[in-house]
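Below is one structure; the comments refer to it alone.
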Amino acid sequence: MRIKNNITNHRFFLLAVCGLLVLVGGLYLSFKHFHKAEQKTNLTGAHSRPVNSVDYGPPSAQQKQAGDIIKQQGAPQTTSGTSSSTSTQQNTITITRLGQSARGGSVTLTTLISNSATGQCVATFSLAGQTTITRTVAIANGPTYYSCEPIDVSSSEFSSEGTWQVTIYVQQGSSIVSNKATGSVTVQK
Amino acid sequence: MKRSLWLFGVLGIALSSLAIIFTPQVHAVSTAAFDPTRIIDDSVFYNSSSMTVDQIQAFLNSKVPVCDNWGTNGSTSTSRANYAANNGQLLPLTCLKGYYENPSTHENNLTKVSGQAAPIPPGAQSAAQIISIASTYYGINPQVLIVLLQKEQGLVTDDWPFAYQYQAATGYGCPDTAVCNSQYYGFWNQVNHAAAQFRNYANYPNSFNYVPGPGNFVLYNPSSSCGGSYLNIQNQATASLYDYTPYQPNAAALAAGYGLAPPCGAYGNRNFWLYFNDWFGSTSGTFLLQSPASPAVYLQSGTTRYGIPSYDVLRAYGFAKTKVTPVSDTYMNSLTDGGTLGTTFTVEGQGAVYLADNGYRFGFSTQQQCADWGVPSCLTTATTKPLSPYLFSLILNGGDLKRLMLNGTAIYLMQSGNKRPFLTYPALLQNGFTASDITPVTSPINSNQPIGYSLPENNSFVKFGASPVFYAYSGGAFYAINSYDVLRSLIAPSSVVMTDNASLYVSSPPTPAGIIPSIVSTAGGTKKYVLSGGYKYDITNVASDWPAAQALDALGTIIDAKPTQAIVDASTTFRLPTGLLFRVQGSSITPFYNLADFFKSPFNKSPLAISDAVQNMSMTTPYITPGGGTLYQLTDPTKQQMIFLRDIDGSACALSSQDQLGAFRFDASNVYRISDSAVMGPALQSLVQAQDGATYIVYRGTRIPVSAQTLTSWGVGAAARCSFSNVFLGTLPVAQNSKSFSFARLSSGLIYYAQGNAAHQILTYSTFLSMGGSANNTVDVPDDFLSYVTLGNSIN
């Protein structure tokens with residue numbers, strides 16, 4: 001009889017413990033869910049963690065592979081000094097920004113040059129019947145790419161309003177060593 | 001034993017479940033949220049105080065818990081140690097968390113002699129210190145630099161980094177399509193050049209390729225054949241990332257997460273965003289900033305910060321729930337102080353001015369509208385701040401600001417900086433507005449204009465505050481109603497009656513266009529009314545009997561709305577609250593002094609209730625029903641002892657004694673004055689004439705019919721007598737013994753006998769009996785009986 005009672009007590013204790021654990025777990029999950037929902041509404045972006053919530057946990061496997069990928073690429077080729085090496089590849093120039101800031105404002109032209117490049121950039125602004133504007137600027141070494149130095153042309157230099165055709169290319173000496181990137185800009189004086 | 005095992009099993013399962021629940025979970029952010037126009041916000045990018053040196057060190061430690069200095073780990077066919085040796089790397093390797101470099105000599109602790117760990121050079125700084133110092137100096141978030149080190153060379157997580165990874169740690173001077181420039185080599189160099197470059201981008205944005213705003217063409221890959229797209233870059237930080245790494249991820253690169261997506265994938269900015277989000281939380285800082293130096297909260301717009309003076313301002317812009325982003329003092333101070341933000345704003349590069357309220361923007365149309373809404377200087381920068389297009393996009397478009405403001409339940413006309421309340425919605429419509437002219441405003445800042453004069457509903461009644469004066473409002477004009485009698489006589493069941501307790505009229509009542517009297521005319525004078533007693537009476541037909549009416553054609557609608565209680569004619573009588581009944585004739589009151597006169601008159605229809613309308617009218621001679629029994633006195637004070645009654649012919653009959661009051665049952669409590677010019681008739685005797693010609697002796701409140709034969713038998717002559725109406729005489733009961741009589745007994749007991757057209761006194765009672773006298777043929781008569789009979793000899 002006493003043994004039976006003991007068994008009953010044990011079962012009751014276990015059930016109580018399990019119930020308590022489930023209850024605590026449920027409360028925790030509920031809190032976590034609602035807390036997360038609140039965080040989301042506080043953020044302007046669609047991210048799950050607020051600004052400056054530093055993760056001091058270990059990196060993921062994918063993140064750890066970043067260094068290995070770099071190693072697979074091998075040591076970078078090196079040059080020294082301020083000039084870049086001459087590439088044998090054809091340079092490709094791309095217009096990244098072309099426009100007038102506001103009526104009467106200057107016209108800005110920026111570019112991106114693939115590969116390394118030496119020489120200079122030549123830009124022309126032309127409109128039928130109007131005097132063509134030509135600008136020659138140096139190639140700029142960005143931290144991770146090359147480009148032509150940004151070109152700004154005052155609106156006063158444009159002889160008339162209208163949509164001007166723009167061409168820019170890289171020139172080494174008298175040779176054009178890139179494609180001719182073209183675009184158009186509507187000039188308002 | 002079995003039971004114990006079972007117990008442990010159950011507990012184990014339960015605890016394991018809890019362990020799973022409480023284990024920290026790594027949530028990799030989804031690239032679905034990547035926005036190429038807004039990779040990171042300025043407030044985050046330039047927050048140089050986000051981490052201390054110790055926190056940076058702790059972070060670096062956490063990402064490489066154990067550095068594989070000797071290359072003993074790895075599962076490739078070639079061991080890490082061999083791989084390193086094959087690539088010219090000397091062991092032991094140095095992880096970022098243990099890297100040191102002297103910023104002046106650039107001597108570091110990377111291995112110089114194989115197998116020998118290099119000592120930390122004197123004066124060297126740890127990688128964490130180098131990062132922290134550079135971030136502070138250039139005002140760049142150290143987390144940005146950490147992520148840069150990871151995305152360029154994987155240095156943060158690499159547990160066996162090679163020396164050349166430190167050489168080009170931030171990729172500075174290493175074009176994707178060209179060889180690296182060794183002048184920028186070295187960890188300190190790399191970190192500082194990168195940080196400086198980011199500062200340059202911020203300080204001289206137009207000197208570089210990408211700037212905030214539209215029209216930035218960003219390639220997907222260094223190979224231009226992969227194409228690109230135009231981006232409307234939202235902020236300088238994002239522009240700076242493109243200035244540093246000029247490619248954006250295409251769809252495939254985004255879909256790959258941290259993975260590769262050849263041939264056109266570009267990963268720099270994608271990985272920057274992924275690492276930053278995974279390690280440091282959202283890159284989307286808010287535009288509300290707070291620095292440690294001050295509790296003040298600022299709104300960042302581009303490179304300008306505006307002080308937020310109150311929570312109401314935030315709520316007006318809809319930013320009340322936006323989280324405030326902590327930033328460094330350096331970053332805060334780097335922003336131009338644009339002053340204090342109000343609720344009017346413009347958009348950079350545009351001239352339009354808007355009002356912010358409840359998260360909506362409402363555009364001002366004209367300078368006049370600014371003045372009407374109480375912000376006369378809204379077109380000046382003193383109160384109106386230019387916001388960035390991005391902030392502008394966050395504020396919902398409420399359309400143009402309208403002329404009316406809805407605030408709470410009140411609707412106001414905004415005019416000259418005041419808000420004029422419409423007292424009713426129909427008032428709004430009557431002023432030519434509709435619901436589409438209303439702008440809802442909730443902000444107390446935008447609704448604190450002084451209250452102006454209210455706009456009542458047309459043809460309504462309105463009073464202001466505690467003042468008892470009501471006004472009828474019609475056609476934009478107020479007409480004062482100074483009399484409560486007129487007011488209650490004018491208000492119809494359908495009338496709109498308002499009390500304005502708030503507008504400027506309460507303290508400054510309107511100047512009335514007129515005062516509404518009791519007697520008014522409308523419709524060009526063709527309709528005339530009396531407003532009194534709670535009713536409107538049409539006096540058009542008898543207007544000449546009333547004082548001149550005030551023309552109030554403008555109030556025709558109000559007056560017409562009141563139902564006409566009665567059309568007054570010449571026979572109409574009125575009743576004052578005091579009970580006085582009267583007629584109006586010749587702009588005067590002709591009163592009925594008592595009900596008898598009234599009921600005996602031909603004007604005895606139900607009288608109309610009236611009040612103040614006649615208070616200024618003079619009183620004329622009262623209407624007196626001839627023979628009606630009403631008593632009068634002359635107005636001459638010397639003759640007031642004389643009391644008269646009006647004869648049937650209109651003359652006055654003087655009472656000869658007080659006894660006649662009782663005899664005729666006159667009401668002595670109401671004795672009215674009549675003019676001294678009244679025509680005097682005969683003195684009142686007990687013998688009177690009825691209107692129908694009958695004759696009576698009035699005695700002790702009764703009347704004794706007297707036939708012509710009886711009169712003859714008593715020798716009564718044809719002298720004039722006072723005449724009474726049959727109505728009056730009808731009020732006196734007929735004496736029971738009224739009949740033809742031959743014996744008359746005075747109050748003294750003397751008995752007279754009619755014989756030979758004369759009255760003969762019977763001297764003895766035995767004689768009376770012998771002559772056939774009895775109670776049946778003897779009539780009691782008043783003492784003046786002897787004054788109108790002919791006296792004969794006594795009978796003994």
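Lettering and numbering for the structure tokens are positional, with chains as A, B, ... in the shown order, residues counted from 1 in each chain, and ligands counted from 1 in the shown order.
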
Would you mind listing what lies within 9 Å of Leu580 (chain B) as a list in words, with only C-alpha atoms counted and same-chain residues fewer than 2 positions away left out?
Phe574, Arg575, Leu576, Pro577, Thr578, Phe582, Pro591, Phe592, Tyr593 and Asn594 of chain B

Backbone-only DSSP, alpha helix (DSSP H) members of region 343-530 of chain B, as JSON, numbers by chain:
{"B": [367, 368, 369, 370, 371, 372, 389, 390, 391, 392, 393, 394, 425, 426, 427, 428, 429, 430, 484, 485, 486, 487, 488, 489, 490]}

Compile the contact shell of region 165-170 of chain B as a ChimeraX atom specification: residues with an atom at most 9 Å away, counting only C-alpha atoms, same-chain residues fewer than 3 positions apart removed.
/A:67,70-71,75-76 /B:96,145,148-155,161-162,173-174,180,182,184-191,193-194

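Of the residues in region 16-259 of chain B, those that DSSP places in strand (DSSP E) on the basis of the backbone are B:Tyr100, B:Glu101, B:Gln125, B:Ser126, B:Cys180, B:Asn181, B:Gly213, B:Pro214, B:Gly215, B:Asn216, B:Phe217, B:Val218, B:Leu219, B:Gly228, B:Ser229, B:Tyr230, B:Leu231, B:Asn232, B:Ile233.
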
List as a VMD selection string the protein and nucleic acid residues near region 626-642 of chain B, meaning an atom at most 9 Å away when only C-alpha atoms are counted, but skip any in the same chain fewer than 2 places from it.
chain B and resid 593 to 594 596 to 597 600 624 644 to 652 654 to 656 664 to 668 670 to 678 690 to 691 722 to 729
